[in-house]
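Asker: One structure, pasted below without further comment.
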Amino acid sequence: MINFKTRIPILLLVILFTVSCNPKQQKTVDTGKVIDTAYILKLGDTITNSVQKLLLANVMTAMSDGGPVNAVSFCNIHAISLTDSLAGNYNCMIQRVSDKYRNPANKLTGKDAEILANLSSSKSVKPVIVNENGRLVYYKPIKIAMPACMKCHGQAGKEIDAKTMEIISQKYPDDLATGYKEGDLRGLWKITFLEE
Ligand code: HEC
């Protein structure tokens, strides 16, 4: 349920979106596609929960097959294609972005930094929807929510063993994604809904 407090910002967003639409988007609105933010939030949750499950299942399999070293190589090849794999079903772009990125393809762009800073200072875990250049974008915080994350995002030499660190440095020479503690905000899910 959406409580009263969140209804107002959502309403404002709807208004903002409608006002800032260029004629093409206005047409989509005119043709009856009224933006239902509750629906978009639900859709964003469904997408991110499915992709997260898929990623986690794959990483865990790669871990049990050959430890974190194998799982890092696996993620290096497959993480982005796995996150992308559901995008076609929902006509959206699916990304994980972070200020302390491992893969430079996951750098913050557009409004990402602003949203991350807001969510970080408010410690909110609630998703938000914003309008970016006429597109609806759903953001949801990603936290270091499991001890398993620490094997590859914790402290080098402590939670991350030497062999794993070696492969991380080899695959990601500009890696920034270590030194996290459990509960830290790791980044954001970013779902950009595309128009027809
Ligand atoms: C086996 C090592 C490993 C484990 C365990 C792991 N990650 Fe990662 N993580 C990686 C690698 C490698 C990448 C870069 C993937 C790529 O190339 O797209 C990455 C990327 C990410 C990104 C995308 C942003 C970026 O930095 O590029 C997020 C967010 C993330 N991990 C969160 C988590 C969370 C949360 C957990 C625990 C549920 C976790 N990871 C567990 C290795 C790991």
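Residues in the structure tokens are named by chain (A, B, ... in the order shown) and by number from 1 within that chain; ligands are numbered from 1 in the order shown.
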Mind dumping a table of every chain A residue within 8 Å of ligand 1, with the nearest atom pair and its distance in Å to one decimal, using only C-alpha atoms and all ligand atoms, sorted by chain and rising number, as JSON lines?
Answerer:
{"residue": "A:Leu56", "atom": "CA", "partner": "ligand 1", "partner_atom_place_in_ligand_line": "38 (C)", "distance": 6.6}
{"residue": "A:Val59", "atom": "CA", "partner": "ligand 1", "partner_atom_place_in_ligand_line": "1 (C)", "distance": 6.3}
{"residue": "A:Met60", "atom": "CA", "partner": "ligand 1", "partner_atom_place_in_ligand_line": "5 (C)", "distance": 7.6}
{"residue": "A:Ala62", "atom": "CA", "partner": "ligand 1", "partner_atom_place_in_ligand_line": "1 (C)", "distance": 7.7}
{"residue": "A:Met63", "atom": "CA", "partner": "ligand 1", "partner_atom_place_in_ligand_line": "1 (C)", "distance": 6.4}
{"residue": "A:Gly67", "atom": "CA", "partner": "ligand 1", "partner_atom_place_in_ligand_line": "1 (C)", "distance": 7.4}
{"residue": "A:Pro68", "atom": "CA", "partner": "ligand 1", "partner_atom_place_in_ligand_line": "1 (C)", "distance": 4.2}
{"residue": "A:Val69", "atom": "CA", "partner": "ligand 1", "partner_atom_place_in_ligand_line": "1 (C)", "distance": 6.6}
{"residue": "A:Asn70", "atom": "CA", "partner": "ligand 1", "partner_atom_place_in_ligand_line": "1 (C)", "distance": 7.2}
{"residue": "A:Ala71", "atom": "CA", "partner": "ligand 1", "partner_atom_place_in_ligand_line": "1 (C)", "distance": 4.2}
{"residue": "A:Val72", "atom": "CA", "partner": "ligand 1", "partner_atom_place_in_ligand_line": "12 (C)", "distance": 4.3}
{"residue": "A:Ser73", "atom": "CA", "partner": "ligand 1", "partner_atom_place_in_ligand_line": "12 (C)", "distance": 6.7}
{"residue": "A:Phe74", "atom": "CA", "partner": "ligand 1", "partner_atom_place_in_ligand_line": "12 (C)", "distance": 7.5}
{"residue": "A:Cys75", "atom": "CA", "partner": "ligand 1", "partner_atom_place_in_ligand_line": "12 (C)", "distance": 4.8}
{"residue": "A:Asn76", "atom": "CA", "partner": "ligand 1", "partner_atom_place_in_ligand_line": "17 (O)", "distance": 4.1}
{"residue": "A:Ile77", "atom": "CA", "partner": "ligand 1", "partner_atom_place_in_ligand_line": "17 (O)", "distance": 6.7}
{"residue": "A:His78", "atom": "CA", "partner": "ligand 1", "partner_atom_place_in_ligand_line": "18 (O)", "distance": 7.3}
{"residue": "A:Ala79", "atom": "CA", "partner": "ligand 1", "partner_atom_place_in_ligand_line": "18 (O)", "distance": 4.7}
{"residue": "A:Ile80", "atom": "CA", "partner": "ligand 1", "partner_atom_place_in_ligand_line": "18 (O)", "distance": 5.0}
{"residue": "A:Arg96", "atom": "CA", "partner": "ligand 1", "partner_atom_place_in_ligand_line": "23 (C)", "distance": 4.9}
{"residue": "A:Val97", "atom": "CA", "partner": "ligand 1", "partner_atom_place_in_ligand_line": "24 (C)", "distance": 5.1}
{"residue": "A:Ser98", "atom": "CA", "partner": "ligand 1", "partner_atom_place_in_ligand_line": "24 (C)", "distance": 5.1}
{"residue": "A:Asp99", "atom": "CA", "partner": "ligand 1", "partner_atom_place_in_ligand_line": "26 (O)", "distance": 7.8}
{"residue": "A:Lys100", "atom": "CA", "partner": "ligand 1", "partner_atom_place_in_ligand_line": "26 (O)", "distance": 6.0}
{"residue": "A:Tyr101", "atom": "CA", "partner": "ligand 1", "partner_atom_place_in_ligand_line": "26 (O)", "distance": 3.3}
{"residue": "A:Arg102", "atom": "CA", "partner": "ligand 1", "partner_atom_place_in_ligand_line": "26 (O)", "distance": 3.6}
{"residue": "A:Asn103", "atom": "CA", "partner": "ligand 1", "partner_atom_place_in_ligand_line": "27 (O)", "distance": 3.9}
{"residue": "A:Pro104", "atom": "CA", "partner": "ligand 1", "partner_atom_place_in_ligand_line": "27 (O)", "distance": 6.5}
{"residue": "A:Ala105", "atom": "CA", "partner": "ligand 1", "partner_atom_place_in_ligand_line": "27 (O)", "distance": 7.0}
{"residue": "A:Asn106", "atom": "CA", "partner": "ligand 1", "partner_atom_place_in_ligand_line": "27 (O)", "distance": 4.9}
{"residue": "A:Lys107", "atom": "CA", "partner": "ligand 1", "partner_atom_place_in_ligand_line": "27 (O)", "distance": 7.4}
{"residue": "A:Ile142", "atom": "CA", "partner": "ligand 1", "partner_atom_place_in_ligand_line": "35 (C)", "distance": 5.9}
{"residue": "A:Lys143", "atom": "CA", "partner": "ligand 1", "partner_atom_place_in_ligand_line": "35 (C)", "distance": 5.4}
{"residue": "A:Ile144", "atom": "CA", "partner": "ligand 1", "partner_atom_place_in_ligand_line": "35 (C)", "distance": 4.5}
{"residue": "A:Ala145", "atom": "CA", "partner": "ligand 1", "partner_atom_place_in_ligand_line": "38 (C)", "distance": 6.1}
{"residue": "A:Met146", "atom": "CA", "partner": "ligand 1", "partner_atom_place_in_ligand_line": "38 (C)", "distance": 5.4}
{"residue": "A:Pro147", "atom": "CA", "partner": "ligand 1", "partner_atom_place_in_ligand_line": "37 (C)", "distance": 7.3}
{"residue": "A:Ala148", "atom": "CA", "partner": "ligand 1", "partner_atom_place_in_ligand_line": "5 (C)", "distance": 5.2}
{"residue": "A:Cys149", "atom": "CA", "partner": "ligand 1", "partner_atom_place_in_ligand_line": "37 (C)", "distance": 3.3}
{"residue": "A:Met150", "atom": "CA", "partner": "ligand 1", "partner_atom_place_in_ligand_line": "5 (C)", "distance": 6.7}
{"residue": "A:Lys151", "atom": "CA", "partner": "ligand 1", "partner_atom_place_in_ligand_line": "5 (C)", "distance": 5.4}
{"residue": "A:Cys152", "atom": "CA", "partner": "ligand 1", "partner_atom_place_in_ligand_line": "2 (C)", "distance": 4.3}
{"residue": "A:His153", "atom": "CA", "partner": "ligand 1", "partner_atom_place_in_ligand_line": "7 (N)", "distance": 6.4}
{"residue": "A:Thr164", "atom": "CA", "partner": "ligand 1", "partner_atom_place_in_ligand_line": "2 (C)", "distance": 7.9}
{"residue": "A:Ile168", "atom": "CA", "partner": "ligand 1", "partner_atom_place_in_ligand_line": "12 (C)", "distance": 6.7}
{"residue": "A:Lys171", "atom": "CA", "partner": "ligand 1", "partner_atom_place_in_ligand_line": "12 (C)", "distance": 8.0}
{"residue": "A:Tyr172", "atom": "CA", "partner": "ligand 1", "partner_atom_place_in_ligand_line": "17 (O)", "distance": 7.9}
{"residue": "A:Asp175", "atom": "CA", "partner": "ligand 1", "partner_atom_place_in_ligand_line": "26 (O)", "distance": 7.7}
{"residue": "A:Leu176", "atom": "CA", "partner": "ligand 1", "partner_atom_place_in_ligand_line": "26 (O)", "distance": 7.2}
{"residue": "A:Ala177", "atom": "CA", "partner": "ligand 1", "partner_atom_place_in_ligand_line": "26 (O)", "distance": 5.4}
{"residue": "A:Arg186", "atom": "CA", "partner": "ligand 1", "partner_atom_place_in_ligand_line": "29 (C)", "distance": 5.6}
{"residue": "A:Gly187", "atom": "CA", "partner": "ligand 1", "partner_atom_place_in_ligand_line": "29 (C)", "distance": 5.0}
{"residue": "A:Leu188", "atom": "CA", "partner": "ligand 1", "partner_atom_place_in_ligand_line": "29 (C)", "distance": 6.5}
{"residue": "A:Trp189", "atom": "CA", "partner": "ligand 1", "partner_atom_place_in_ligand_line": "29 (C)", "distance": 7.4}
Asker: Could you pull the residues within 9 Å of Tyr90 (chain A), counting only C-alpha atoms, minus those fewer than 5 positions along the same chain, as an MDAnalysis selection string?
Answerer: chainID A and resid 43 47 193:194
Asker: Quick one: write out the picked residues with C-alpha atoms as a compact mmCIF listing (two decimals), in the first residue's frame?
Answerer:
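As a result, selection_31.txt now contains:
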# COMPACT_ATOMS: atom_id res chain seq x y z
CA LEU A 43 6.56 -3.27 -12.35
CA ILE A 47 11.71 -6.59 -12.72
CA PHE A 193 11.09 2.50 -19.37
CA LEU A 194 11.21 3.04 -23.11
Asker: Do you have the CA of Glu159 (chain A)-CA of Thr48 (chain A) distance handy?
Answerer: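 So the two atoms, CA of Glu159 (chain A) and CA of Thr48 (chain A), lie 26.8 Å apart.
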Asker: In Å, rounded to a single decimal, give me how far CA of Ala57 (chain A) is from CA of Val128 (chain A).
Answerer: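 According to the coordinates, CA of Val128 (chain A) and CA of Ala57 (chain A) are separated by 26.1 Å.
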Asker: Could you pull out all residues of chain A with a DSSP call of strand (DSSP E) and give them as a list in words?
Answerer: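 These are the residues in question: Cys92, Met93, Ile94, Gln95, Arg96, Val97, Val128, Ile129, Val130, Asn131, Glu132, Arg135, Leu136, Val137, Tyr138, Tyr139, Lys140, Pro141, Ile142, Lys143, Leu185, Arg186, Gly187, Leu188, Trp189, Lys190, Ile191, Thr192 and Phe193 of chain A.
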Asker: For Leu185 (chain A), which of A:Leu41, A:Leu119, A:Leu54, A:Ala113 is the closest residue, counting only C-alpha atoms?
Answerer: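 Of all the options, A:Leu119 lies closest to Leu185 (chain A).
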Asker: Need to verify the contact set: Lys190 (chain A), 8 Å, only C-alpha atoms, exclusion of same-chain residues closer than 2 positions in sequence. Can you return it as a PyMOL selection string?
Answerer: chain A and resi 93-97+137-140+188+192
Asker: Mind giving me the straight-line distance from CA of Gly44 (chain A) to CA of Leu116 (chain A) in Å, one decimal?
Answerer: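 Computing the Euclidean distance for CA of Gly44 (chain A) and CA of Leu116 (chain A) yields 16.9 Å.
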Asker: Step one, run DSSP on the backbone; step two, keep only residues of region 11-179 of chain A assigned to alpha helix (DSSP H); then write them as a VMD selection string.
Answerer: chain A and resid 11 to 20 23 to 30 37 to 84 87 to 90 112 to 122 150 to 153 162 to 171
